[in-house]
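A.B. asks: Sharing a structure, written as structure tokens. Questions coming.
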Amino acid sequence: MVQKKEFLYEGKAKKIYRTDDPAVVLVEFKDEATAFDGVKKDRLEDKGILNNRLSALFFSLLEKQGIETHYLKTVSEREMLVKFLEIIPVEVIVRNIAAGSLSERLGIPEKTELKKTVLEFSLKDDQLHDPMINHYHIYAMELAEPEEMAEIERIALKVNQILVPYLKEKNIVLVDFKLEFGRHNGKILLGDEISPDTCRFWDSSSGEKLDKDRFRRDMGGVIEAYREVLRRLEENDTPAVD
Ligand code: 5GP
């Protein structure tokens with residue numbers, strides 16, 4: 001049994017702890033919610049529990065489909081063990097339908113179906129407000145190698161190919177999502193989390209938002225929406241937490 005050791009790092013939604021195995025860290029999902037680079041803040045009771053469950057569920061599903069992730073094991077209602085990654089500070093955004101910053105930037109009305117899946121990259125830096133970057137910036141700043149970016153793009157598109165039909169079955173449209181990657185033993189692995197904090201989920205019938213946009217846009221019912229996503233994903237499924 002891996003033992004939780006000292007606190008390592010705190011992000012906006014998670015805390016990371018060392019364990020007695022240097023190749024493994026423990027992630028604790030917090031209830032804090034932030035938006036607009038931390039300008040808007042609140043505590044949403046049970047968000048950490050829901051995102052721990054949802055991330056475990058998504059990572060397990062992806063692993064079954066041959067995608068290597070950092071996820072190892074759920075150890076408590078808020079905690080999972082993951083492989084230690086050397087984080088690549090690039091956020092990878094996958095978009096199927098126009099929404100959020102894409103709609104603002106390019107004037108494409110929200111809900112417009114994109115004719116081709118769009119991949120975008122942002123520098124993971126709150127102080128700079130996660131600016132969008134391209135491959136030239138990534139190589140000039142030595143954030144990742146071309147072969148690593150090819151692998152990251154391959155995995156990001158495969159994740160989309162797996163999650164879109166899976167969620168469609170649950171009456172959820174996967175509008176867009178953000179992924180993060182890191183290096184582990186010379187391999188690129190999918191890291192961070194996959195949850196309503198990092199994805200846009202719309203109810204297929206009503207179009208109702210079931211994700212963090214409810215918090216960003218002061219719509220209320222945030223936790224109820226996260227719970228509803230978990231309820232749909234766990235329906236007829238084996239539980240994610242053992
Ligand atoms: P947008 O660029 O439209 O704001 O976000 C696109 C998608 O990526 C959304 O699903 C959003 O939740 C996710 N995303 C992009 N950047 C971040 C970020 O810094 N934090 C989180 N939690 N999600 C992000």
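Naming scheme: A, B, ... for chains in displayed order of the structure tokens; residues 1 onward per chain; ligands 1 onward as shown.
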With a distance cut-off of 12 Å and only C-alpha atoms, select the neighbouring residues of A:Glu224, excluding the residue or stretch itself and same-chain residues fewer than 2 positions from it, and output the selection as a PyMOL selection string.
C.D. replies: chain A and resi 44-47+50+196+209-212+214-215+219-222+226-231
A.B. asks: Produce as a VMD selection string the set of residues near ligand 1, where near means within 6 Å with only C-alpha atoms and all ligand atoms considered.
C.D. replies: chain A and resid 93 99 to 102 176 to 178 197 to 200
A.B. asks: Please, what distance in Å, to one decimal, runs between atom CA of A:Ile152 and atom CA of A:Leu57?
C.D. replies: 21.0 Å
A.B. asks: At a cut-off of 10 Å, using only C-alpha atoms, what residues contact A:Val27? Leave out same-chain residues fewer than 2 positions from it and give the result as a PyMOL selection string.
C.D. replies: chain A and resi 4+9-10+14-18+24-25+29-30+52+71+74-75+78-82+192-193
A.B. asks: Got a sec to tell me which of stretch 31-185 of chain A DSSP assigns to strand (DSSP E or B), as a short mmCIF file (atom, residue, chain, number, x, y, z; two decimals) with all heavy atoms, in the first residue's frame?
C.D. replies:
data_model
loop_
_atom_site.label_atom_id
_atom_site.label_comp_id
_atom_site.auth_asym_id
_atom_site.auth_seq_id
_atom_site.Cartn_x
_atom_site.Cartn_y
_atom_site.Cartn_z
N GLU A 32 -12.77 23.88 -4.11
CA GLU A 32 -12.65 25.25 -4.61
C GLU A 32 -12.89 25.28 -6.13
O GLU A 32 -12.41 24.42 -6.85
CB GLU A 32 -11.25 25.82 -4.34
CG GLU A 32 -11.10 26.49 -2.99
CD GLU A 32 -11.08 25.50 -1.84
OE1 GLU A 32 -10.55 24.39 -2.03
OE2 GLU A 32 -11.63 25.84 -0.77
N ALA A 33 -13.64 26.30 -6.53
CA ALA A 33 -13.86 26.52 -7.96
C ALA A 33 -13.32 27.91 -8.28
O ALA A 33 -13.54 28.85 -7.52
CB ALA A 33 -15.34 26.46 -8.28
N THR A 34 -12.59 28.01 -9.39
CA THR A 34 -12.11 29.33 -9.81
C THR A 34 -12.40 29.49 -11.30
O THR A 34 -12.57 28.50 -12.03
CB THR A 34 -10.58 29.48 -9.62
OG1 THR A 34 -9.91 28.56 -10.49
CG2 THR A 34 -10.15 29.23 -8.18
N ALA A 35 -12.49 30.73 -11.72
CA ALA A 35 -12.64 31.02 -13.15
C ALA A 35 -11.95 32.34 -13.44
O ALA A 35 -11.66 33.10 -12.51
CB ALA A 35 -14.12 31.10 -13.52
N LYS A 40 -12.55 34.94 -10.18
CA LYS A 40 -13.82 34.49 -9.59
C LYS A 40 -13.54 33.21 -8.79
O LYS A 40 -12.96 32.28 -9.33
CB LYS A 40 -14.81 34.21 -10.73
CG LYS A 40 -16.20 33.82 -10.30
CD LYS A 40 -17.07 33.68 -11.55
CE LYS A 40 -18.34 32.89 -11.29
NZ LYS A 40 -19.28 33.55 -10.42
N LYS A 41 -13.96 33.21 -7.53
CA LYS A 41 -13.66 32.06 -6.66
C LYS A 41 -14.87 31.69 -5.84
O LYS A 41 -15.63 32.57 -5.43
CB LYS A 41 -12.58 32.46 -5.64
CG LYS A 41 -11.18 32.44 -6.15
CD LYS A 41 -10.21 32.66 -4.98
CE LYS A 41 -8.93 33.25 -5.52
NZ LYS A 41 -8.23 34.13 -4.65
N ASP A 42 -15.01 30.41 -5.57
CA ASP A 42 -16.08 29.97 -4.65
C ASP A 42 -15.75 28.57 -4.18
O ASP A 42 -14.83 27.93 -4.70
CB ASP A 42 -17.43 29.98 -5.38
CG ASP A 42 -18.59 30.24 -4.41
OD1 ASP A 42 -18.39 30.12 -3.18
OD2 ASP A 42 -19.68 30.57 -4.90
N ARG A 43 -16.49 28.11 -3.20
CA ARG A 43 -16.34 26.74 -2.73
C ARG A 43 -17.63 26.02 -3.07
O ARG A 43 -18.71 26.50 -2.71
CB ARG A 43 -16.11 26.74 -1.22
CG ARG A 43 -15.34 25.54 -0.77
CD ARG A 43 -15.07 25.52 0.72
NE ARG A 43 -15.10 24.12 1.11
CZ ARG A 43 -16.18 23.49 1.51
NH1 ARG A 43 -17.32 24.12 1.65
NH2 ARG A 43 -16.11 22.20 1.80
N THR A 69 -2.68 6.73 -19.43
CA THR A 69 -2.91 7.93 -18.62
C THR A 69 -2.08 7.81 -17.34
O THR A 69 -1.52 6.77 -17.05
CB THR A 69 -4.40 8.06 -18.22
OG1 THR A 69 -4.66 7.15 -17.15
CG2 THR A 69 -5.34 7.74 -19.37
N TYR A 71 -3.37 7.84 -14.43
CA TYR A 71 -4.22 7.29 -13.37
C TYR A 71 -3.80 5.88 -12.95
O TYR A 71 -3.57 5.02 -13.79
CB TYR A 71 -5.67 7.25 -13.86
CG TYR A 71 -6.64 6.64 -12.88
CD1 TYR A 71 -6.96 7.29 -11.70
CD2 TYR A 71 -7.23 5.40 -13.14
CE1 TYR A 71 -7.84 6.72 -10.79
CE2 TYR A 71 -8.11 4.83 -12.25
CZ TYR A 71 -8.42 5.49 -11.07
OH TYR A 71 -9.29 4.93 -10.18
N LEU A 72 -3.72 5.69 -11.64
CA LEU A 72 -3.39 4.35 -11.11
C LEU A 72 -4.55 3.77 -10.33
O LEU A 72 -5.00 2.65 -10.58
CB LEU A 72 -2.16 4.42 -10.20
CG LEU A 72 -0.82 4.70 -10.90
CD1 LEU A 72 0.26 5.03 -9.87
CD2 LEU A 72 -0.41 3.49 -11.73
N LYS A 73 -5.07 4.54 -9.36
CA LYS A 73 -6.01 3.95 -8.41
C LYS A 73 -6.72 5.04 -7.62
O LYS A 73 -6.09 6.05 -7.26
CB LYS A 73 -5.18 3.10 -7.44
CG LYS A 73 -5.92 2.17 -6.53
CD LYS A 73 -4.88 1.39 -5.73
CE LYS A 73 -5.38 0.24 -4.94
NZ LYS A 73 -6.45 0.32 -4.08
N THR A 74 -7.99 4.83 -7.34
CA THR A 74 -8.71 5.74 -6.44
C THR A 74 -8.50 5.23 -5.01
O THR A 74 -8.70 4.05 -4.75
CB THR A 74 -10.21 5.75 -6.80
OG1 THR A 74 -10.32 6.23 -8.14
CG2 THR A 74 -11.00 6.65 -5.87
N GLU A 79 -9.32 11.38 -3.31
CA GLU A 79 -7.90 11.16 -3.63
C GLU A 79 -7.69 10.02 -4.63
O GLU A 79 -8.30 8.96 -4.51
CB GLU A 79 -7.13 10.81 -2.36
CG GLU A 79 -7.11 11.92 -1.32
CD GLU A 79 -6.55 11.45 0.01
OE1 GLU A 79 -6.84 10.32 0.44
OE2 GLU A 79 -5.79 12.21 0.62
N MET A 80 -6.75 10.28 -5.56
CA MET A 80 -6.32 9.20 -6.46
C MET A 80 -4.79 9.17 -6.50
O MET A 80 -4.12 10.19 -6.30
CB MET A 80 -6.89 9.37 -7.87
CG MET A 80 -6.53 10.64 -8.58
SD MET A 80 -6.96 10.61 -10.38
CE MET A 80 -8.72 10.49 -10.39
N LEU A 81 -4.25 8.00 -6.77
CA LEU A 81 -2.81 7.86 -6.99
C LEU A 81 -2.58 7.95 -8.49
O LEU A 81 -3.34 7.34 -9.27
CB LEU A 81 -2.31 6.51 -6.48
CG LEU A 81 -2.35 6.31 -4.96
CD1 LEU A 81 -1.95 4.88 -4.61
CD2 LEU A 81 -1.42 7.31 -4.26
N VAL A 82 -1.56 8.71 -8.86
CA VAL A 82 -1.22 8.84 -10.28
C VAL A 82 0.29 8.72 -10.46
O VAL A 82 1.04 8.94 -9.52
CB VAL A 82 -1.72 10.19 -10.87
CG1 VAL A 82 -3.22 10.38 -10.70
CG2 VAL A 82 -0.97 11.38 -10.28
N LYS A 83 0.67 8.38 -11.67
CA LYS A 83 2.11 8.33 -11.97
C LYS A 83 2.67 9.75 -11.96
O LYS A 83 2.01 10.67 -12.45
CB LYS A 83 2.33 7.72 -13.37
CG LYS A 83 1.94 6.26 -13.41
CD LYS A 83 2.07 5.71 -14.81
CE LYS A 83 1.47 4.33 -14.88
NZ LYS A 83 1.18 3.88 -16.24
N GLU A 86 6.50 14.58 -15.55
CA GLU A 86 7.17 15.85 -15.81
C GLU A 86 6.21 16.60 -16.73
O GLU A 86 6.04 16.25 -17.91
CB GLU A 86 8.52 15.59 -16.51
CG GLU A 86 9.32 16.82 -16.77
CD GLU A 86 10.44 16.57 -17.78
OE1 GLU A 86 10.88 15.40 -17.93
OE2 GLU A 86 10.86 17.54 -18.42
N ILE A 87 5.53 17.59 -16.16
CA ILE A 87 4.41 18.22 -16.86
C ILE A 87 4.91 19.06 -18.04
O ILE A 87 5.87 19.81 -17.92
CB ILE A 87 3.60 19.14 -15.89
CG1 ILE A 87 2.96 18.30 -14.77
CG2 ILE A 87 2.55 19.95 -16.63
CD1 ILE A 87 1.88 17.35 -15.21
N VAL A 90 1.68 22.94 -21.58
CA VAL A 90 0.86 23.29 -22.75
C VAL A 90 -0.52 22.70 -22.53
O VAL A 90 -0.64 21.50 -22.27
CB VAL A 90 1.48 22.70 -24.05
CG1 VAL A 90 0.57 22.94 -25.24
CG2 VAL A 90 2.86 23.29 -24.31
N GLU A 91 -1.55 23.52 -22.58
CA GLU A 91 -2.92 23.03 -22.50
C GLU A 91 -3.38 22.71 -23.91
O GLU A 91 -3.19 23.52 -24.82
CB GLU A 91 -3.83 24.08 -21.86
CG GLU A 91 -3.45 24.37 -20.42
CD GLU A 91 -4.43 25.27 -19.70
OE1 GLU A 91 -5.25 25.94 -20.37
OE2 GLU A 91 -4.37 25.30 -18.46
N VAL A 92 -3.94 21.53 -24.07
CA VAL A 92 -4.39 21.09 -25.38
C VAL A 92 -5.92 21.12 -25.38
O VAL A 92 -6.56 20.45 -24.57
CB VAL A 92 -3.88 19.66 -25.68
CG1 VAL A 92 -4.36 19.19 -27.04
CG2 VAL A 92 -2.36 19.62 -25.58
N ILE A 93 -6.49 21.91 -26.26
CA ILE A 93 -7.95 22.05 -26.30
C ILE A 93 -8.48 21.41 -27.57
O ILE A 93 -7.94 21.63 -28.67
CB ILE A 93 -8.34 23.55 -26.21
CG1 ILE A 93 -7.95 24.05 -24.81
CG2 ILE A 93 -9.83 23.75 -26.44
CD1 ILE A 93 -7.74 25.49 -24.72
N VAL A 94 -9.49 20.58 -27.39
CA VAL A 94 -10.11 19.88 -28.51
C VAL A 94 -11.54 20.40 -28.64
O VAL A 94 -12.26 20.46 -27.64
CB VAL A 94 -10.14 18.34 -28.26
CG1 VAL A 94 -10.70 17.61 -29.47
CG2 VAL A 94 -8.76 17.82 -27.90
N ARG A 95 -11.93 20.80 -29.84
CA ARG A 95 -13.25 21.40 -30.01
C ARG A 95 -14.04 20.70 -31.12
O ARG A 95 -13.52 20.53 -32.24
CB ARG A 95 -13.14 22.87 -30.39
CG ARG A 95 -12.41 23.72 -29.37
CD ARG A 95 -12.41 25.17 -29.82
NE ARG A 95 -11.66 26.02 -28.93
CZ ARG A 95 -12.15 26.67 -27.88
NH1 ARG A 95 -13.44 26.55 -27.58
NH2 ARG A 95 -11.38 27.44 -27.14
N ASN A 96 -15.28 20.37 -30.80
CA ASN A 96 -16.20 19.80 -31.80
C ASN A 96 -17.25 20.82 -32.23
O ASN A 96 -17.74 20.78 -33.35
CB ASN A 96 -16.90 18.57 -31.22
CG ASN A 96 -15.90 17.46 -30.89
OD1 ASN A 96 -15.14 17.04 -31.77
ND2 ASN A 96 -15.87 17.02 -29.64
N ILE A 97 -17.64 21.67 -31.30
CA ILE A 97 -18.70 22.67 -31.52
C ILE A 97 -18.17 24.01 -31.03
O ILE A 97 -17.49 24.06 -29.99
CB ILE A 97 -19.98 22.25 -30.76
CG1 ILE A 97 -20.52 20.93 -31.34
CG2 ILE A 97 -21.05 23.33 -30.79
CD1 ILE A 97 -21.67 20.33 -30.61
N GLU A 113 -21.69 23.72 -35.32
CA GLU A 113 -20.89 22.51 -35.43
C GLU A 113 -19.66 22.79 -36.29
O GLU A 113 -19.79 23.38 -37.37
CB GLU A 113 -21.74 21.40 -36.05
CG GLU A 113 -21.16 20.05 -35.78
CD GLU A 113 -22.13 18.94 -36.15
OE1 GLU A 113 -23.33 19.04 -35.79
OE2 GLU A 113 -21.70 18.01 -36.82
N LEU A 114 -18.50 22.41 -35.83
CA LEU A 114 -17.27 22.66 -36.60
C LEU A 114 -17.11 21.55 -37.64
O LEU A 114 -17.31 20.37 -37.32
CB LEU A 114 -16.07 22.73 -35.65
CG LEU A 114 -16.17 23.86 -34.61
CD1 LEU A 114 -15.14 23.68 -33.49
CD2 LEU A 114 -16.01 25.22 -35.28
N LYS A 115 -16.77 21.91 -38.86
CA LYS A 115 -16.71 20.92 -39.95
C LYS A 115 -15.56 19.94 -39.72
O LYS A 115 -15.55 18.83 -40.25
CB LYS A 115 -16.52 21.61 -41.30
CG LYS A 115 -17.69 22.47 -41.70
CD LYS A 115 -18.94 21.64 -41.97
CE LYS A 115 -20.15 22.52 -42.22
NZ LYS A 115 -21.40 21.87 -41.77
N LYS A 116 -14.57 20.37 -38.97
CA LYS A 116 -13.42 19.52 -38.66
C LYS A 116 -13.07 19.77 -37.19
O LYS A 116 -13.20 20.92 -36.73
CB LYS A 116 -12.24 19.93 -39.56
CG LYS A 116 -11.10 18.95 -39.57
CD LYS A 116 -10.10 19.34 -40.66
CE LYS A 116 -9.03 18.29 -40.90
NZ LYS A 116 -8.22 17.92 -39.78
N THR A 117 -12.65 18.73 -36.49
CA THR A 117 -12.23 18.90 -35.09
C THR A 117 -11.09 19.91 -35.04
O THR A 117 -10.16 19.85 -35.84
CB THR A 117 -11.73 17.55 -34.53
OG1 THR A 117 -12.76 16.59 -34.71
CG2 THR A 117 -11.38 17.66 -33.05
N VAL A 118 -11.19 20.85 -34.09
CA VAL A 118 -10.15 21.88 -33.95
C VAL A 118 -9.28 21.55 -32.73
O VAL A 118 -9.80 21.26 -31.66
CB VAL A 118 -10.80 23.28 -33.78
CG1 VAL A 118 -9.75 24.32 -33.39
CG2 VAL A 118 -11.53 23.69 -35.05
N LEU A 119 -7.96 21.61 -32.94
CA LEU A 119 -7.01 21.48 -31.82
C LEU A 119 -6.37 22.84 -31.61
O LEU A 119 -5.98 23.50 -32.57
CB LEU A 119 -5.88 20.50 -32.19
CG LEU A 119 -6.08 19.00 -32.02
CD1 LEU A 119 -4.75 18.29 -32.20
CD2 LEU A 119 -6.69 18.64 -30.69
N GLU A 120 -6.28 23.23 -30.35
CA GLU A 120 -5.60 24.49 -30.01
C GLU A 120 -4.63 24.22 -28.87
O GLU A 120 -4.83 23.28 -28.09
CB GLU A 120 -6.61 25.53 -29.53
CG GLU A 120 -7.56 26.02 -30.59
CD GLU A 120 -8.66 26.92 -30.02
OE1 GLU A 120 -8.76 27.07 -28.79
OE2 GLU A 120 -9.41 27.46 -30.83
N PHE A 121 -3.63 25.09 -28.75
CA PHE A 121 -2.64 24.96 -27.68
C PHE A 121 -2.53 26.29 -26.94
O PHE A 121 -2.53 27.35 -27.57
CB PHE A 121 -1.27 24.58 -28.26
CG PHE A 121 -1.36 23.38 -29.15
CD1 PHE A 121 -1.43 23.53 -30.53
CD2 PHE A 121 -1.43 22.11 -28.61
CE1 PHE A 121 -1.55 22.42 -31.36
CE2 PHE A 121 -1.55 21.01 -29.43
CZ PHE A 121 -1.61 21.16 -30.81
N SER A 122 -2.45 26.20 -25.61
CA SER A 122 -2.22 27.40 -24.79
C SER A 122 -1.05 27.15 -23.88
O SER A 122 -0.86 26.02 -23.39
CB SER A 122 -3.41 27.70 -23.89
OG SER A 122 -4.58 27.73 -24.58
N LEU A 123 -0.31 28.22 -23.61
CA LEU A 123 0.76 28.14 -22.62
C LEU A 123 0.10 28.11 -21.24
O LEU A 123 -0.74 28.94 -20.94
CB LEU A 123 1.66 29.37 -22.75
CG LEU A 123 2.81 29.46 -21.76
CD1 LEU A 123 3.83 28.34 -22.01
CD2 LEU A 123 3.49 30.82 -21.86
N MET A 132 -2.85 31.66 -26.20
CA MET A 132 -2.81 30.64 -27.25
C MET A 132 -1.43 30.67 -27.92
O MET A 132 -0.88 31.75 -28.16
CB MET A 132 -3.88 30.93 -28.28
CG MET A 132 -4.05 29.78 -29.23
SD MET A 132 -5.07 30.27 -30.60
CE MET A 132 -6.51 29.42 -30.17
N ILE A 133 -0.87 29.50 -28.18
CA ILE A 133 0.44 29.42 -28.84
C ILE A 133 0.34 28.40 -29.98
O ILE A 133 -0.62 27.63 -30.04
CB ILE A 133 1.57 28.99 -27.85
CG1 ILE A 133 1.18 27.72 -27.08
CG2 ILE A 133 1.89 30.12 -26.89
CD1 ILE A 133 2.30 27.21 -26.17
N ILE A 172 -25.28 13.12 -23.77
CA ILE A 172 -24.43 14.29 -23.52
C ILE A 172 -23.61 14.60 -24.78
O ILE A 172 -23.01 13.70 -25.37
CB ILE A 172 -23.46 14.03 -22.34
CG1 ILE A 172 -24.25 13.86 -21.03
CG2 ILE A 172 -22.42 15.14 -22.21
CD1 ILE A 172 -23.41 13.40 -19.84
N VAL A 173 -23.62 15.88 -25.17
CA VAL A 173 -22.78 16.33 -26.29
C VAL A 173 -21.45 16.81 -25.73
O VAL A 173 -21.42 17.65 -24.83
CB VAL A 173 -23.46 17.50 -27.05
CG1 VAL A 173 -22.57 17.97 -28.20
CG2 VAL A 173 -24.83 17.10 -27.56
N LEU A 174 -20.36 16.26 -26.26
CA LEU A 174 -19.02 16.73 -25.86
C LEU A 174 -18.65 17.89 -26.78
O LEU A 174 -18.26 17.68 -27.93
CB LEU A 174 -17.99 15.59 -25.96
CG LEU A 174 -16.56 15.97 -25.57
CD1 LEU A 174 -16.48 16.47 -24.14
CD2 LEU A 174 -15.62 14.78 -25.77
N VAL A 175 -18.81 19.10 -26.26
CA VAL A 175 -18.60 20.31 -27.06
C VAL A 175 -17.11 20.58 -27.25
O VAL A 175 -16.62 20.74 -28.37
CB VAL A 175 -19.28 21.51 -26.36
CG1 VAL A 175 -18.99 22.82 -27.10
CG2 VAL A 175 -20.76 21.27 -26.24
N ASP A 176 -16.39 20.61 -26.13
CA ASP A 176 -14.94 20.82 -26.16
C ASP A 176 -14.34 20.38 -24.83
O ASP A 176 -15.08 20.12 -23.88
CB ASP A 176 -14.58 22.29 -26.49
CG ASP A 176 -15.22 23.28 -25.54
OD1 ASP A 176 -15.42 22.95 -24.36
OD2 ASP A 176 -15.53 24.40 -25.97
N PHE A 177 -13.03 20.31 -24.77
CA PHE A 177 -12.36 19.92 -23.51
C PHE A 177 -10.89 20.27 -23.58
O PHE A 177 -10.34 20.52 -24.65
CB PHE A 177 -12.55 18.43 -23.19
CG PHE A 177 -12.09 17.47 -24.26
CD1 PHE A 177 -10.85 16.85 -24.19
CD2 PHE A 177 -12.91 17.18 -25.34
CE1 PHE A 177 -10.42 15.96 -25.16
CE2 PHE A 177 -12.50 16.29 -26.33
CZ PHE A 177 -11.25 15.68 -26.23
N LYS A 178 -10.28 20.28 -22.39
CA LYS A 178 -8.86 20.62 -22.25
C LYS A 178 -8.11 19.43 -21.66
O LYS A 178 -8.57 18.82 -20.70
CB LYS A 178 -8.76 21.83 -21.32
CG LYS A 178 -7.38 22.39 -21.16
CD LYS A 178 -6.70 22.05 -19.87
CE LYS A 178 -7.38 22.49 -18.61
NZ LYS A 178 -6.69 22.03 -17.40
N LEU A 179 -6.98 19.11 -22.27
CA LEU A 179 -6.15 18.01 -21.75
C LEU A 179 -4.76 18.55 -21.41
O LEU A 179 -4.31 19.54 -21.98
CB LEU A 179 -6.00 16.91 -22.81
CG LEU A 179 -7.26 16.23 -23.32
CD1 LEU A 179 -6.92 15.25 -24.45
CD2 LEU A 179 -8.01 15.50 -22.21
N PHE A 181 -0.65 16.98 -20.64
CA PHE A 181 0.20 15.80 -20.82
C PHE A 181 1.51 15.97 -20.08
O PHE A 181 1.91 17.08 -19.72
CB PHE A 181 0.50 15.60 -22.31
CG PHE A 181 -0.70 15.26 -23.14
CD1 PHE A 181 -1.53 16.26 -23.64
CD2 PHE A 181 -1.04 13.94 -23.37
CE1 PHE A 181 -2.66 15.96 -24.39
CE2 PHE A 181 -2.17 13.62 -24.13
CZ PHE A 181 -2.98 14.64 -24.64
N GLY A 182 2.19 14.84 -19.86
CA GLY A 182 3.51 14.90 -19.23
C GLY A 182 4.35 13.71 -19.65
O GLY A 182 3.87 12.79 -20.33
N ARG A 183 5.61 13.75 -19.24
CA ARG A 183 6.54 12.66 -19.57
C ARG A 183 6.71 11.74 -18.37
O ARG A 183 6.80 12.23 -17.24
CB ARG A 183 7.90 13.23 -19.94
CG ARG A 183 7.85 14.27 -21.04
CD ARG A 183 9.22 14.86 -21.32
NE ARG A 183 9.12 15.92 -22.34
CZ ARG A 183 9.05 17.22 -22.05
NH1 ARG A 183 9.12 17.63 -20.80
NH2 ARG A 183 8.92 18.12 -23.02
N HIS A 184 6.73 10.45 -18.64
CA HIS A 184 6.97 9.46 -17.58
C HIS A 184 7.75 8.32 -18.22
O HIS A 184 7.25 7.69 -19.16
CB HIS A 184 5.62 8.96 -17.04
CG HIS A 184 5.73 7.96 -15.93
ND1 HIS A 184 5.80 8.33 -14.60
CD2 HIS A 184 5.77 6.61 -15.95
CE1 HIS A 184 5.89 7.26 -13.85
NE2 HIS A 184 5.88 6.19 -14.64
#
A.B. asks: Might you pull out every residue within 9 Å of A:Lys124, with only C-alpha atoms counted and same-chain residues fewer than 5 positions away left off, and present them as a list in words?
C.D. replies: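 What passes the distance filter is Ile88, Pro89, Val90, Glu91, His129, Asp130 and Pro131 of chain A.
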A.B. asks: Write out as a PyMOL selection string the residues lying within 12 Å of A:Leu62, counting only C-alpha atoms and excluding same-chain residues fewer than 2 positions away.
C.D. replies: chain A and resi 55-60+64-71+155-156+158-163+166+189-191+194
A.B. asks: Smallest atom-to-atom distance to A:Ser206: which of A:Ser103, A:Phe84, A:Asn171, A:Glu148, using only C-alpha atoms?
C.D. replies: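 Between A:Ser103, A:Phe84, A:Asn171, A:Glu148, the residue approaching A:Ser206 most closely is A:Asn171.
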A.B. asks: Which of stretch 8-228 of chain A counts as helix (DSSP H, G or I) under DSSP, as number ranges by chain please?
C.D. replies: A: 47-64, 100-106, 126-128, 135-140, 146-169, 213-216, 222-228
A.B. asks: Quick one: pull the distance between atom CA of A:Lys170 and atom CA of A:Trp202, Å, one decimal.
C.D. replies: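 Between these atoms lies a distance of 10.9 Å.
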A.B. asks: Grab the atom CA of A:Leu233 to atom CA of A:Glu63 distance for me, in Å with one decimal place.
C.D. replies: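 So the two atoms, atom CA of A:Leu233 and atom CA of A:Glu63, lie 16.2 Å apart.
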